[in-house]
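Visitor: run04.csv is reproduced in full below (CSV, C-alpha atoms).
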chain,number,residue,atom,x,y,z
A,6,MET,CA,56.7,36.0,105.3
A,7,PRO,CA,59.3,38.7,106.3
A,8,ASP,CA,59.4,41.8,104.2
A,9,ARG,CA,62.7,41.9,102.2
A,10,ASP,CA,61.8,44.9,100.2
A,11,ALA,CA,65.0,46.7,101.3
A,12,GLU,CA,66.9,44.1,99.4
A,13,THR,CA,65.0,44.6,96.1
A,14,ARG,CA,66.8,46.4,93.4
A,15,LYS,CA,64.9,49.4,92.0
A,16,ASP,CA,65.8,51.9,89.2
A,17,ASP,CA,64.4,54.7,87.2
A,18,LEU,CA,64.1,52.6,84.1
A,19,ARG,CA,64.6,55.5,81.6
A,20,THR,CA,65.1,59.2,81.1
A,21,GLY,CA,63.5,61.0,78.2
A,22,THR,CA,60.7,59.8,76.0
A,23,PRO,CA,61.1,56.6,73.9
A,24,PHE,CA,59.3,56.9,70.5
A,25,TRP,CA,57.4,53.6,71.2
A,26,VAL,CA,55.3,55.0,74.1
A,27,LYS,CA,53.8,57.5,71.7
A,28,THR,CA,52.6,54.9,69.3
A,29,PRO,CA,49.0,53.5,69.4
A,30,HIS,CA,48.2,50.1,70.9
A,31,SER,CA,51.3,50.1,73.0
A,32,THR,CA,49.8,49.1,76.4
A,33,VAL,CA,46.8,47.2,77.8
A,34,THR,CA,44.3,48.1,80.5
A,35,ALA,CA,45.2,46.5,83.9
A,36,GLU,CA,43.0,45.7,86.8
A,37,ARG,CA,43.8,47.2,90.2
A,38,GLU,CA,42.6,44.5,92.6
A,39,ALA,CA,44.7,41.4,93.0
A,40,ASP,CA,42.0,39.1,94.5
A,41,ALA,CA,42.5,36.4,91.9
A,42,GLY,CA,42.5,33.3,94.1
A,43,HIS,CA,44.9,30.4,93.4
A,44,VAL,CA,46.1,30.2,89.8
A,45,ASP,CA,48.4,27.9,87.9
A,46,VAL,CA,51.2,30.5,87.4
A,47,ILE,CA,51.9,34.0,88.6
A,48,VAL,CA,54.1,36.0,86.1
A,49,VAL,CA,55.8,39.0,87.7
A,50,GLY,CA,56.5,41.7,85.2
A,51,ALA,CA,54.4,43.0,82.3
A,52,GLY,CA,57.2,43.7,79.8
A,53,ILE,CA,58.3,41.6,76.9
A,54,SER,CA,59.5,38.6,78.9
A,55,GLY,CA,56.4,38.5,81.0
A,56,ALA,CA,54.2,39.0,77.9
A,57,LEU,CA,55.8,36.1,76.1
A,58,MET,CA,55.6,33.9,79.2
A,59,ALA,CA,51.9,34.7,79.7
A,60,GLU,CA,51.1,34.1,76.1
A,61,SER,CA,52.9,30.7,76.1
A,62,LEU,CA,51.3,29.5,79.4
A,63,SER,CA,47.8,30.7,78.5
A,64,ARG,CA,48.1,28.9,75.1
A,65,ALA,CA,48.9,25.7,77.0
A,66,GLY,CA,45.6,26.2,78.9
A,67,ARG,CA,47.0,27.4,82.2
A,68,SER,CA,45.4,30.1,84.4
A,69,VAL,CA,47.8,33.1,84.6
A,70,LEU,CA,48.0,36.2,86.8
A,71,ILE,CA,50.4,38.9,85.5
A,72,LEU,CA,51.6,41.5,88.0
A,73,ASP,CA,53.6,44.7,87.6
A,74,ARG,CA,54.5,47.6,90.0
A,75,ARG,CA,54.2,49.9,87.0
A,76,LEU,CA,51.6,50.2,84.2
A,77,PRO,CA,51.9,47.3,81.7
A,78,VAL,CA,54.6,47.9,79.0
A,79,ARG,CA,56.0,50.9,80.8
A,80,GLY,CA,59.2,49.5,82.3
A,81,SER,CA,62.3,48.7,80.4
A,82,THR,CA,60.7,47.3,77.3
A,83,PRO,CA,59.9,50.7,75.6
A,84,ALA,CA,63.5,51.7,76.1
A,85,SER,CA,64.5,49.0,73.6
A,86,THR,CA,65.5,49.8,70.0
A,87,ALA,CA,64.0,46.3,69.2
A,88,MET,CA,66.8,45.2,66.9
A,89,ILE,CA,65.8,41.5,67.2
A,90,GLN,CA,69.1,39.7,66.6
A,91,HIS,CA,70.5,36.3,66.9
A,92,GLU,CA,74.0,37.8,67.4
A,93,ILE,CA,75.1,37.8,71.0
A,94,ASP,CA,77.1,40.7,72.4
A,95,VAL,CA,80.0,38.2,72.9
A,96,SER,CA,81.2,36.9,69.5
A,97,LEU,CA,81.0,33.2,68.8
A,98,THR,CA,84.8,32.9,68.6
A,99,ARG,CA,85.3,34.6,71.9
A,100,LEU,CA,82.4,32.8,73.6
A,101,GLN,CA,83.8,29.4,72.5
A,102,LYS,CA,87.0,30.3,74.4
A,103,GLN,CA,85.2,31.7,77.3
A,104,ILE,CA,82.6,28.9,78.1
A,105,GLY,CA,83.7,26.1,75.7
A,106,PRO,CA,82.6,25.3,72.1
A,107,LYS,CA,79.7,23.1,73.1
A,108,LYS,CA,77.8,25.7,75.2
A,109,ALA,CA,78.8,28.6,72.9
A,110,ASP,CA,77.6,26.9,69.8
A,111,ALA,CA,74.4,26.0,71.5
A,112,ALA,CA,73.8,29.5,72.7
A,113,TRP,CA,74.3,31.0,69.2
A,114,LEU,CA,72.2,28.3,67.5
A,115,ARG,CA,69.4,28.8,70.0
A,116,SER,CA,69.4,32.5,69.4
A,117,VAL,CA,69.0,32.0,65.6
A,118,LYS,CA,66.0,29.7,66.3
A,119,ALA,CA,64.5,32.2,68.8
A,120,THR,CA,64.5,35.1,66.3
A,121,ASN,CA,62.8,33.0,63.7
A,122,ASP,CA,60.3,31.5,66.3
A,123,LEU,CA,59.3,35.1,67.3
A,124,VAL,CA,58.6,36.2,63.8
A,125,ASP,CA,56.6,33.1,63.2
A,126,LEU,CA,54.6,33.6,66.5
A,127,VAL,CA,53.8,37.2,65.6
A,128,ASN,CA,52.6,36.2,62.2
A,129,GLU,CA,50.5,33.3,63.7
A,130,LEU,CA,48.9,35.6,66.3
A,131,ARG,CA,48.5,38.5,63.7
A,132,ILE,CA,50.0,41.0,66.1
A,133,ASP,CA,50.3,44.4,64.5
A,134,CYS,CA,53.7,45.6,65.7
A,135,SER,CA,55.6,46.3,62.4
A,136,MET,CA,57.5,43.0,62.7
A,137,GLU,CA,59.9,42.7,59.7
A,138,ARG,CA,62.6,40.2,58.9
A,139,LYS,CA,65.8,42.1,58.2
A,140,PRO,CA,69.5,41.1,57.8
A,141,ALA,CA,72.0,42.4,60.3
A,142,LEU,CA,75.2,44.1,59.2
A,143,TYR,CA,78.0,43.8,61.7
A,144,LEU,CA,80.8,46.4,60.9
A,145,ALA,CA,84.4,46.1,61.8
A,146,GLY,CA,85.5,48.4,64.6
A,147,ASN,CA,88.0,48.9,67.3
A,148,GLN,CA,87.1,45.5,68.9
A,149,MET,CA,87.2,43.3,65.8
A,150,GLY,CA,89.1,44.1,62.5
A,151,LYS,CA,88.9,42.3,59.2
A,152,ARG,CA,90.8,39.2,60.3
A,153,ALA,CA,88.7,38.7,63.4
A,154,LEU,CA,85.5,39.2,61.5
A,155,GLN,CA,86.6,36.7,58.8
A,156,ALA,CA,87.4,34.1,61.5
A,157,GLU,CA,84.0,34.9,63.1
A,158,ALA,CA,82.1,34.4,59.9
A,159,GLU,CA,83.9,31.1,59.3
A,160,ALA,CA,83.1,29.9,62.9
A,161,ARG,CA,79.4,30.7,62.4
A,162,ALA,CA,79.3,29.0,59.1
A,163,LYS,CA,81.0,25.9,60.5
A,164,ILE,CA,78.1,25.3,63.0
A,165,GLY,CA,75.4,26.1,60.4
A,166,ILE,CA,74.7,29.8,61.0
A,167,ALA,CA,74.4,31.8,57.8
A,168,ALA,CA,77.1,34.6,57.8
A,169,ALA,CA,78.5,36.3,54.7
A,170,TYR,CA,81.9,38.0,55.1
A,171,LEU,CA,82.1,41.3,53.2
A,172,THR,CA,85.3,43.0,52.2
A,173,ARG,CA,85.8,46.8,52.2
A,174,ALA,CA,85.0,46.8,48.5
A,175,ASP,CA,81.8,44.7,49.0
A,176,LEU,CA,80.7,47.2,51.7
A,177,MET,CA,81.3,50.2,49.6
A,178,GLU,CA,79.5,48.7,46.6
A,179,ARG,CA,76.5,47.4,48.4
A,180,PHE,CA,76.1,49.9,51.3
A,181,GLY,CA,78.3,52.8,50.7
A,182,ILE,CA,80.0,52.3,54.0
A,183,ASP,CA,83.8,52.7,54.3
A,184,ARG,CA,84.9,50.0,56.8
A,185,GLN,CA,87.6,47.3,56.7
A,186,ALA,CA,85.0,44.5,56.6
A,187,ALA,CA,81.6,43.3,57.9
A,188,ILE,CA,79.5,40.2,58.4
A,189,LEU,CA,76.0,40.1,56.9
A,190,SER,CA,73.6,37.8,58.6
A,191,PRO,CA,70.0,37.0,57.5
A,192,ASP,CA,68.4,35.8,60.7
A,193,SER,CA,67.3,39.0,62.4
A,194,ALA,CA,64.3,41.3,62.5
A,195,SER,CA,62.9,44.6,63.9
A,196,ALA,CA,59.6,45.5,65.5
A,197,ASN,CA,57.8,48.0,67.7
A,198,PRO,CA,58.6,46.5,71.1
A,199,ALA,CA,55.7,48.2,73.0
A,200,GLN,CA,53.1,47.1,70.4
A,201,LEU,CA,54.6,43.6,70.4
A,202,THR,CA,54.4,43.3,74.1
A,203,ALA,CA,50.9,44.8,74.3
A,204,GLY,CA,49.8,42.4,71.6
A,205,LEU,CA,51.1,39.4,73.4
A,206,LEU,CA,49.5,40.5,76.6
A,207,ALA,CA,46.2,41.0,74.8
A,208,CYS,CA,46.4,37.5,73.4
A,209,ALA,CA,46.9,36.0,76.9
A,210,MET,CA,44.1,38.1,78.3
A,211,GLY,CA,41.8,36.9,75.6
A,212,ARG,CA,42.4,33.4,77.0
A,213,GLY,CA,41.6,34.4,80.5
A,214,ALA,CA,44.9,35.8,81.9
A,215,ARG,CA,44.6,38.8,84.2
A,216,VAL,CA,46.9,41.8,84.4
A,217,ILE,CA,47.1,43.5,87.8
A,218,SER,CA,48.8,46.8,88.3
A,219,PRO,CA,50.2,48.4,90.4
A,220,VAL,CA,51.3,45.4,92.5
A,221,GLU,CA,54.7,45.2,94.1
A,222,ILE,CA,56.1,41.9,95.3
A,223,THR,CA,58.2,42.2,98.5
A,224,ASP,CA,58.8,38.5,99.4
A,225,LEU,CA,58.3,35.0,98.2
A,226,ALA,CA,58.0,31.5,99.7
A,227,GLU,CA,57.6,28.0,98.5
A,228,LEU,CA,54.8,25.9,100.0
A,229,PRO,CA,54.1,22.2,99.7
A,230,GLY,CA,52.8,21.9,96.1
A,231,GLY,CA,52.9,25.6,95.4
A,232,ILE,CA,54.2,29.2,96.1
A,233,ALA,CA,53.2,32.3,97.9
A,234,LEU,CA,54.1,35.9,97.1
A,235,ALA,CA,53.7,38.8,99.5
A,236,THR,CA,52.7,42.2,98.2
A,237,ARG,CA,53.5,45.6,99.5
A,238,GLN,CA,49.8,46.0,100.3
A,239,GLY,CA,50.0,43.1,102.6
A,240,GLU,CA,48.2,40.6,100.4
A,241,VAL,CA,49.4,37.0,99.9
A,242,LEU,CA,49.0,35.5,96.4
A,243,THR,CA,49.3,31.8,95.7
A,244,ALA,CA,49.9,29.7,92.6
A,245,ASP,CA,51.5,26.4,91.6
A,246,HIS,CA,54.5,28.3,90.1
A,247,ALA,CA,55.8,31.8,89.8
A,248,VAL,CA,58.0,33.3,87.0
A,249,PHE,CA,59.9,36.5,87.7
A,250,CYS,CA,60.3,38.5,84.5
A,251,THR,CA,61.5,41.8,86.1
A,252,GLY,CA,64.9,42.2,84.5
A,253,TYR,CA,67.5,43.6,86.9
A,254,GLU,CA,64.9,44.9,89.3
A,255,HIS,CA,65.0,41.6,91.1
A,256,LEU,CA,64.6,40.4,94.6
A,257,ALA,CA,67.7,39.4,96.5
A,258,GLN,CA,67.2,35.7,95.9
A,259,MET,CA,67.9,36.3,92.2
A,260,ARG,CA,71.2,38.1,92.4
A,261,SER,CA,74.1,36.8,90.4
A,262,PRO,CA,77.8,37.7,90.5
A,263,SER,CA,78.0,37.5,86.7
A,264,HIS,CA,75.6,40.4,86.3
A,265,ARG,CA,76.1,44.1,86.3
A,266,VAL,CA,74.1,47.2,85.3
A,267,THR,CA,75.4,49.7,82.7
A,268,SER,CA,73.8,52.7,80.9
A,269,THR,CA,72.8,53.2,77.3
A,270,TRP,CA,71.3,56.0,75.2
A,271,ALA,CA,69.1,56.1,72.1
A,272,LEU,CA,67.2,58.4,69.7
A,273,ALA,CA,64.6,58.4,67.0
A,274,SER,CA,64.6,60.8,64.0
A,275,ARG,CA,61.7,62.3,62.1
A,276,PRO,CA,60.6,60.2,59.2
A,277,MET,CA,63.2,60.5,56.5
A,278,LYS,CA,61.9,60.5,52.9
A,279,THR,CA,65.2,59.9,51.0
A,280,LEU,CA,66.9,57.1,52.8
A,281,PRO,CA,69.0,54.5,50.8
A,282,ASP,CA,67.1,51.3,50.2
A,283,TRP,CA,69.6,49.3,52.2
A,284,MET,CA,68.9,51.4,55.3
A,285,ARG,CA,65.2,50.6,55.2
A,286,ALA,CA,66.0,46.9,54.9
A,287,THR,CA,68.9,46.3,57.2
A,288,ILE,CA,69.8,46.6,60.9
A,289,VAL,CA,73.4,47.7,61.6
A,290,TRP,CA,75.8,47.5,64.5
A,291,GLU,CA,79.5,47.7,64.9
A,292,ALA,CA,82.3,45.8,66.7
A,293,ALA,CA,83.4,48.8,68.7
A,294,GLU,CA,83.5,50.1,72.2
A,295,PRO,CA,81.4,52.2,72.6
A,296,TYR,CA,79.4,51.0,69.7
A,297,LEU,CA,76.7,52.4,67.4
A,298,TYR,CA,73.6,50.5,66.3
A,299,PHE,CA,70.7,51.6,64.1
A,300,ARG,CA,67.6,50.6,62.2
A,301,THR,CA,64.6,52.2,60.6
A,302,ASP,CA,60.9,51.8,60.9
A,303,ALA,CA,58.3,51.6,58.2
A,304,SER,CA,57.9,55.4,58.0
A,305,GLY,CA,61.7,55.9,57.4
A,306,ARG,CA,62.3,57.0,61.0
A,307,ILE,CA,65.9,56.1,62.1
A,308,ILE,CA,66.2,54.6,65.6
A,309,ALA,CA,69.8,54.6,66.8
A,310,GLY,CA,71.6,54.0,70.0
A,311,GLY,CA,74.8,53.2,71.8
A,312,GLU,CA,77.5,55.1,73.6
A,313,ASP,CA,77.1,52.6,76.5
A,314,GLU,CA,78.9,53.4,79.8
A,315,ASP,CA,79.9,50.8,82.5
A,316,ALA,CA,77.9,52.7,85.2
A,317,ALA,CA,74.5,52.0,86.5
A,318,SER,CA,73.1,55.6,87.0
A,319,THR,CA,74.8,57.9,84.5
A,320,ASN,CA,71.8,57.5,82.2
A,321,SER,CA,69.6,59.6,84.6
A,322,ASP,CA,71.4,62.8,83.7
A,323,PRO,CA,69.3,64.9,81.1
A,324,ALA,CA,72.4,67.0,80.1
A,325,LYS,CA,74.3,63.8,79.4
A,326,LEU,CA,71.4,62.5,77.4
A,327,ALA,CA,71.5,65.6,75.1
A,328,ARG,CA,75.3,65.2,74.7
A,329,LYS,CA,75.1,61.4,74.0
A,330,ALA,CA,72.3,62.0,71.4
A,331,LYS,CA,74.4,64.5,69.6
A,332,VAL,CA,77.3,62.0,69.5
A,333,ILE,CA,75.1,59.2,68.2
A,334,ALA,CA,73.7,61.4,65.5
A,335,GLU,CA,77.2,62.4,64.4
A,336,LYS,CA,78.4,58.8,64.3
A,337,LEU,CA,75.4,57.9,62.3
A,338,ARG,CA,76.2,60.6,59.8
A,339,ASP,CA,79.8,59.5,59.6
A,340,VAL,CA,78.9,55.9,58.9
A,341,THR,CA,75.9,56.5,56.5
A,342,GLY,CA,76.2,60.0,55.2
A,343,VAL,CA,72.6,60.6,56.5
A,344,ASP,CA,72.1,63.8,58.6
A,345,ILE,CA,69.0,63.4,60.8
A,346,GLY,CA,69.2,66.9,62.2
A,347,LYS,CA,67.7,67.3,65.6
A,348,PRO,CA,66.3,64.0,67.0
A,349,VAL,CA,62.6,64.0,67.7
A,350,TYR,CA,62.9,61.6,70.6
A,351,THR,CA,65.8,60.9,72.9
A,352,TRP,CA,66.0,58.5,75.8
A,353,SER,CA,68.4,56.7,78.1
A,354,ALA,CA,68.1,53.7,80.4
A,355,PRO,CA,70.0,51.3,82.6
A,356,PHE,CA,71.1,48.2,80.7
A,357,SER,CA,72.0,44.8,82.2
A,358,VAL,CA,74.9,42.7,81.0
A,359,THR,CA,76.7,39.5,82.0
A,360,LYS,CA,80.3,38.5,81.7
A,361,ASP,CA,79.5,36.1,78.9
A,362,GLY,CA,76.7,38.1,77.2
A,363,LEU,CA,74.1,35.4,78.0
A,364,PRO,CA,70.9,35.8,79.9
A,365,ILE,CA,70.0,34.1,83.2
A,366,ILE,CA,67.1,31.7,82.7
A,367,ASP,CA,66.5,29.2,85.5
A,368,THR,CA,64.7,28.0,88.5
A,369,VAL,CA,65.8,30.3,91.4
A,370,PRO,CA,68.4,28.6,93.6
A,371,GLY,CA,66.8,27.0,96.7
A,372,TYR,CA,63.4,26.7,95.1
A,373,SER,CA,61.7,24.3,92.8
A,374,ARG,CA,58.6,26.2,91.7
A,375,ILE,CA,59.9,29.8,91.4
A,376,HIS,CA,61.7,30.6,88.2
A,377,THR,CA,63.2,33.7,86.5
A,378,ILE,CA,63.9,35.1,83.1
A,379,MET,CA,66.5,37.8,83.1
A,380,GLY,CA,67.1,38.7,79.5
A,381,PHE,CA,70.4,40.5,80.1
A,382,GLY,CA,72.5,41.6,77.1
A,383,GLY,CA,72.0,43.5,73.9
A,384,ASN,CA,69.4,41.2,72.4
A,385,GLY,CA,67.0,40.9,75.3
A,386,ILE,CA,63.9,40.3,73.2
A,387,THR,CA,65.6,37.2,71.6
A,388,PHE,CA,66.6,36.0,75.1
A,389,SER,CA,63.1,36.5,76.3
A,390,VAL,CA,61.9,34.1,73.7
A,391,ILE,CA,64.5,31.5,74.8
A,392,GLY,CA,63.6,32.1,78.4
A,393,THR,CA,59.9,31.5,77.7
A,394,GLN,CA,60.6,28.3,76.0
A,395,ILE,CA,62.9,27.0,78.7
A,396,ILE,CA,60.7,27.9,81.7
A,397,ALA,CA,57.5,26.7,80.0
A,398,ALA,CA,59.2,23.4,79.6
A,399,LYS,CA,60.2,23.3,83.2
A,400,ILE,CA,56.6,24.1,84.4
A,401,ALA,CA,55.3,21.3,82.1
A,402,GLY,CA,57.8,18.9,83.6
A,403,ARG,CA,60.0,18.7,80.6
A,404,THR,CA,63.8,19.3,80.1
A,405,ASP,CA,64.8,21.8,77.5
A,406,PRO,CA,68.0,20.7,75.8
A,407,ASP,CA,69.7,24.1,76.3
A,408,GLU,CA,68.6,24.9,79.8
A,409,ALA,CA,72.1,24.3,81.3
A,410,VAL,CA,73.6,26.9,78.9
A,411,PHE,CA,71.6,29.8,80.4
A,412,GLY,CA,71.4,28.8,84.1
A,413,PHE,CA,72.5,30.7,87.2
A,414,ARG,CA,76.3,31.3,87.3
Kindly present the structure from the file in structure tokens form.
Guide:
Amino acid sequence: MPDRDAETRKDDLRTGTPFWVKTPHSTVTAEREADAGHVDVIVVGAGISGALMAESLSRAGRSVLILDRRLPVRGSTPASTAMIQHEIDVSLTRLQKQIGPKKADAAWLRSVKATNDLVDLVNELRIDCSMERKPALYLAGNQMGKRALQAEAEARAKIGIAAAYLTRADLMERFGIDRQAAILSPDSASANPAQLTAGLLACAMGRGARVISPVEITDLAELPGGIALATRQGEVLTADHAVFCTGYEHLAQMRSPSHRVTSTWALASRPMKTLPDWMRATIVWEAAEPYLYFRTDASGRIIAGGEDEDAASTNSDPAKLARKAKVIAEKLRDVTGVDIGKPVYTWSAPFSVTKDGLPIIDTVPGYSRIHTIMGFGGNGITFSVIGTQIIAAKIAGRTDPDEAVFGFR
């Protein structure tokens, strides 16, 4: 197989130190040798998408090999703020106009299901990752005012998604926030993304899955009845199927014109002892550009982010990271009245988006046994759940009812 490594996208996946990498049980021990022999499925990527995929496949009794060119759980996943939402970056009302009501409704409904499925899975597997069900508060901003939010809440309710429209008076009374309006939605959660991913990988490994790192895939090919992957070290690994869970660091075969890379910034405060009860129990984001989002962990630490820029590499500037963190902290204080002082952790990262806010989950064009989960968008963990369900069905020879919604485009 010819080496196409020159066509592979690579990035520095973060600048600064995400809080999650400093927490215990946030990675797993990988093997170094890739001499695994033929397996049922090779999963490329040991982040949240790869971990969910490996857990699902190993639960179904398949032999699984997980590869990553970095240490497990040390790519994009720790840069997440792990606000696990059903709410897609593109509102339901806008998405209905953009891709049609049928597909838009299906995408939103599947996202609701995915958030609840993930919480149930974590509870079933007893993964210690601070998973908590939390409602999401979506605040009016410069992208959606009170009329638009009211229409959005009504559209969600019409298709069976719980969404309470809050007036300015409601917001002030319940949250002490002075905005025109908001939507309060129950079907969301938060977690430690590194512990979640490591826990899922550990479950898969307990069933016989192997994690190999560092291994870099440089090319792929489909064979009669299987696939072959070439590594930078010159090895050839074979399996019945392969699933690429590498985010936007994909091979050329997985490029899509609907995808682009932007930049995002985040911070974590020290544990705060006197937070309002609602802040401990709610995740918050705003209909603004750029937008602020925040949540807390069990210790009262505030994790906040935003200030996204439509540029792929500006996140790598340490001076900009310091400026962005200051702006995020100031916006947080303006919205909540809580002054976090100097953040304890700050980080920035590339961030993938699509024109419609939806992920790309599909069999790679031109192949039948090579698949990809690219959980682009603000709720990548939720999309990883959907991707796992769709690709697991494909490998099992079944058709997922929503697979056309999230395919290549």
Visitor: Within 10 Å of stretch 360-364 of chain A, which residues of stretch 17-98 of chain A come that close, and what is the closest atom pair and distance in Å for each? Count all atoms listed in the file and give it as CSV.
Guide:
residue,atom,partner,partner_atom,distance
A:Ile93,CA,A:Gly362,CA,6.4
A:Asp94,CA,A:Gly362,CA,5.5
A:Val95,CA,A:Gly362,CA,5.4
A:Ser96,CA,A:Gly362,CA,9.0
Visitor: The selected residues should be written to file as a compact mmCIF listing (two decimals), in the coordinates of the input (atoms: C-alpha atoms).
Guide:
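The result, stored in part.txt:
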# COMPACT_ATOMS: atom_id res chain seq x y z
CA ILE A 93 75.10 37.80 71.00
CA ASP A 94 77.10 40.70 72.40
CA VAL A 95 80.00 38.20 72.90
CA SER A 96 81.20 36.90 69.50
Visitor: Excluding A:Leu123 and its own-chain neighbours fewer than 4 positions away, which residues fall within 8 Å of it when counting only C-alpha atoms? Please give them as a list in words.
Guide: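 Selected residues are Ala119, Val127, Thr387 and Val390 of chain A.
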Visitor: Name the closest residue to A:Lys329 among the candidates A:Thr359, A:Thr393, A:Thr368, A:Ser268; distances are taken between atoms, counting all atoms listed in the file.
Guide: A:Ser268
Visitor: Report, in Å with one decimal, the straight-line distance from atom CA of A:Glu240 to atom CA of A:Val46.
Guide: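 It comes out at 16.7 Å.
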Visitor: Would you mind telling me which residue in A:His376, A:Lys278, A:Lys27, A:Arg67 lies nearest to A:Val49 when using all atoms listed in the file?
Guide: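 Looking at the shortest contact to A:Val49, the residue is A:His376.
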Visitor: Using all atoms listed in the file, which of the listed residues (A:Ser263, A:Ser31, A:Gln258, A:Gln155) sits closest to A:Thr98?
Guide: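 Smallest distance to A:Thr98 is found for A:Gln155.
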Visitor: Please measure the separation of atom CA of A:Asp224 and atom CA of A:Phe411, giving the value in Å to one decimal.
Guide: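 A separation of 24.5 Å between them.
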Visitor: In Å, rounded to a single decimal, give me how far atom CA of A:Cys208 is from atom CA of A:Ile308.
Guide: 27.3 Å
Visitor: Set out as a tab-separated table a contact list for stretch 12-92 of chain A and stretch 273-277 of chain A with a cut-off of 12 Å, giving each residue of stretch 12-92 of chain A that qualifies its closest atom pair and distance in Å to one decimal, counting all atoms listed in the file, ordered by chain and rising residue number.
Guide:
residue	atom	partner	partner_atom	distance
A:Gly21	CA	A:Ala273	CA	11.6
A:Thr22	CA	A:Ala273	CA	9.9
A:Pro23	CA	A:Ala273	CA	7.9
A:Phe24	CA	A:Ala273	CA	6.5
A:Trp25	CA	A:Ala273	CA	9.6
A:Lys27	CA	A:Ala273	CA	11.8
A:Ala84	CA	A:Ala273	CA	11.4
A:Ser85	CA	A:Ala273	CA	11.5
A:Thr86	CA	A:Ala273	CA	9.2
Visitor: Generate the output file for the selected residues, C-alpha atoms, as a PDB file, in the frame of the given file.
Guide:
ATOM      1  CA  GLY A  21      63.500  61.000  78.200  1.00  0.00           C
ATOM      2  CA  THR A  22      60.700  59.800  76.000  1.00  0.00           C
ATOM      3  CA  PRO A  23      61.100  56.600  73.900  1.00  0.00           C
ATOM      4  CA  PHE A  24      59.300  56.900  70.500  1.00  0.00           C
ATOM      5  CA  TRP A  25      57.400  53.600  71.200  1.00  0.00           C
ATOM      6  CA  LYS A  27      53.800  57.500  71.700  1.00  0.00           C
ATOM      7  CA  ALA A  84      63.500  51.700  76.100  1.00  0.00           C
ATOM      8  CA  SER A  85      64.500  49.000  73.600  1.00  0.00           C
ATOM      9  CA  THR A  86      65.500  49.800  70.000  1.00  0.00           C
TER      10      THR A  86
END
Visitor: Quick one: of A:Val369, A:Ala199, A:Leu142, A:Ala160, who's nearest to A:Leu176, counting only C-alpha atoms?
Guide: A:Leu142
Visitor: Please list as a list of chain:residue names every residue within 8 Å of A:Glu221, counting all atoms listed in the file and excluding residues in the same chain fewer than 4 positions away.
Guide: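 So, after excluding close chain neighbours, the residues are A:Leu72, A:Asp73, A:Arg74, A:Thr236, A:Arg237, A:Gln238.
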Visitor: With all atoms listed in the file as the basis for distance, which of A:Ala56, A:Ala233, A:Ile307, A:Leu114 is at the shortest distance from A:Ala286?
Guide: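 Of A:Ala56, A:Ala233, A:Ile307, A:Leu114, the one nearest A:Ala286, counting all atoms listed in the file, is A:Ile307.
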Visitor: Closest to A:Pro198 among A:Val216, A:Leu326, A:Ala226, A:Ile132, using all atoms listed in the file?
Guide: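 Result for the nearest residue to A:Pro198: A:Ile132.
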Visitor: Report as a tab-separated table the residues of stretch 234-319 of chain A within 10 Å of stretch 397-405 of chain A, each with its shortest atom pair and distance in Å (one decimal), using all atoms listed in the file, ordered by chain and increasing residue number.
Guide:
residue	atom	partner	partner_atom	distance
A:Asp245	CA	A:Ile400	CA	9.1
A:His246	CA	A:Ile400	CA	7.4
A:Ala247	CA	A:Ile400	CA	9.4
A:Val248	CA	A:Ala397	CA	9.6
Visitor: Determine, counting all atoms listed in the file, every residue of protein, DNA or RNA that lies within 12 Å of (58.7, 33.4, 82.0) in the file coordinates, then give the result as a PyMOL selection string.
Guide: chain A and resi 46-63+69+71+246-252+365-368+375-380+388-400
Visitor: Next, dump the selected residues to file, keeping only C-alpha atoms, as a short mmCIF file (atom, residue, chain, number, x, y, z; two decimals), keeping the file's coordinate frame.
Guide:
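Final output, selection_20.cif:
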data_model
loop_
_atom_site.label_atom_id
_atom_site.label_comp_id
_atom_site.auth_asym_id
_atom_site.auth_seq_id
_atom_site.Cartn_x
_atom_site.Cartn_y
_atom_site.Cartn_z
CA VAL A 46 51.20 30.50 87.40
CA ILE A 47 51.90 34.00 88.60
CA VAL A 48 54.10 36.00 86.10
CA VAL A 49 55.80 39.00 87.70
CA GLY A 50 56.50 41.70 85.20
CA ALA A 51 54.40 43.00 82.30
CA GLY A 52 57.20 43.70 79.80
CA ILE A 53 58.30 41.60 76.90
CA SER A 54 59.50 38.60 78.90
CA GLY A 55 56.40 38.50 81.00
CA ALA A 56 54.20 39.00 77.90
CA LEU A 57 55.80 36.10 76.10
CA MET A 58 55.60 33.90 79.20
CA ALA A 59 51.90 34.70 79.70
CA GLU A 60 51.10 34.10 76.10
CA SER A 61 52.90 30.70 76.10
CA LEU A 62 51.30 29.50 79.40
CA SER A 63 47.80 30.70 78.50
CA VAL A 69 47.80 33.10 84.60
CA ILE A 71 50.40 38.90 85.50
CA HIS A 246 54.50 28.30 90.10
CA ALA A 247 55.80 31.80 89.80
CA VAL A 248 58.00 33.30 87.00
CA PHE A 249 59.90 36.50 87.70
CA CYS A 250 60.30 38.50 84.50
CA THR A 251 61.50 41.80 86.10
CA GLY A 252 64.90 42.20 84.50
CA ILE A 365 70.00 34.10 83.20
CA ILE A 366 67.10 31.70 82.70
CA ASP A 367 66.50 29.20 85.50
CA THR A 368 64.70 28.00 88.50
CA ILE A 375 59.90 29.80 91.40
CA HIS A 376 61.70 30.60 88.20
CA THR A 377 63.20 33.70 86.50
CA ILE A 378 63.90 35.10 83.10
CA MET A 379 66.50 37.80 83.10
CA GLY A 380 67.10 38.70 79.50
CA PHE A 388 66.60 36.00 75.10
CA SER A 389 63.10 36.50 76.30
CA VAL A 390 61.90 34.10 73.70
CA ILE A 391 64.50 31.50 74.80
CA GLY A 392 63.60 32.10 78.40
CA THR A 393 59.90 31.50 77.70
CA GLN A 394 60.60 28.30 76.00
CA ILE A 395 62.90 27.00 78.70
CA ILE A 396 60.70 27.90 81.70
CA ALA A 397 57.50 26.70 80.00
CA ALA A 398 59.20 23.40 79.60
CA LYS A 399 60.20 23.30 83.20
CA ILE A 400 56.60 24.10 84.40
#
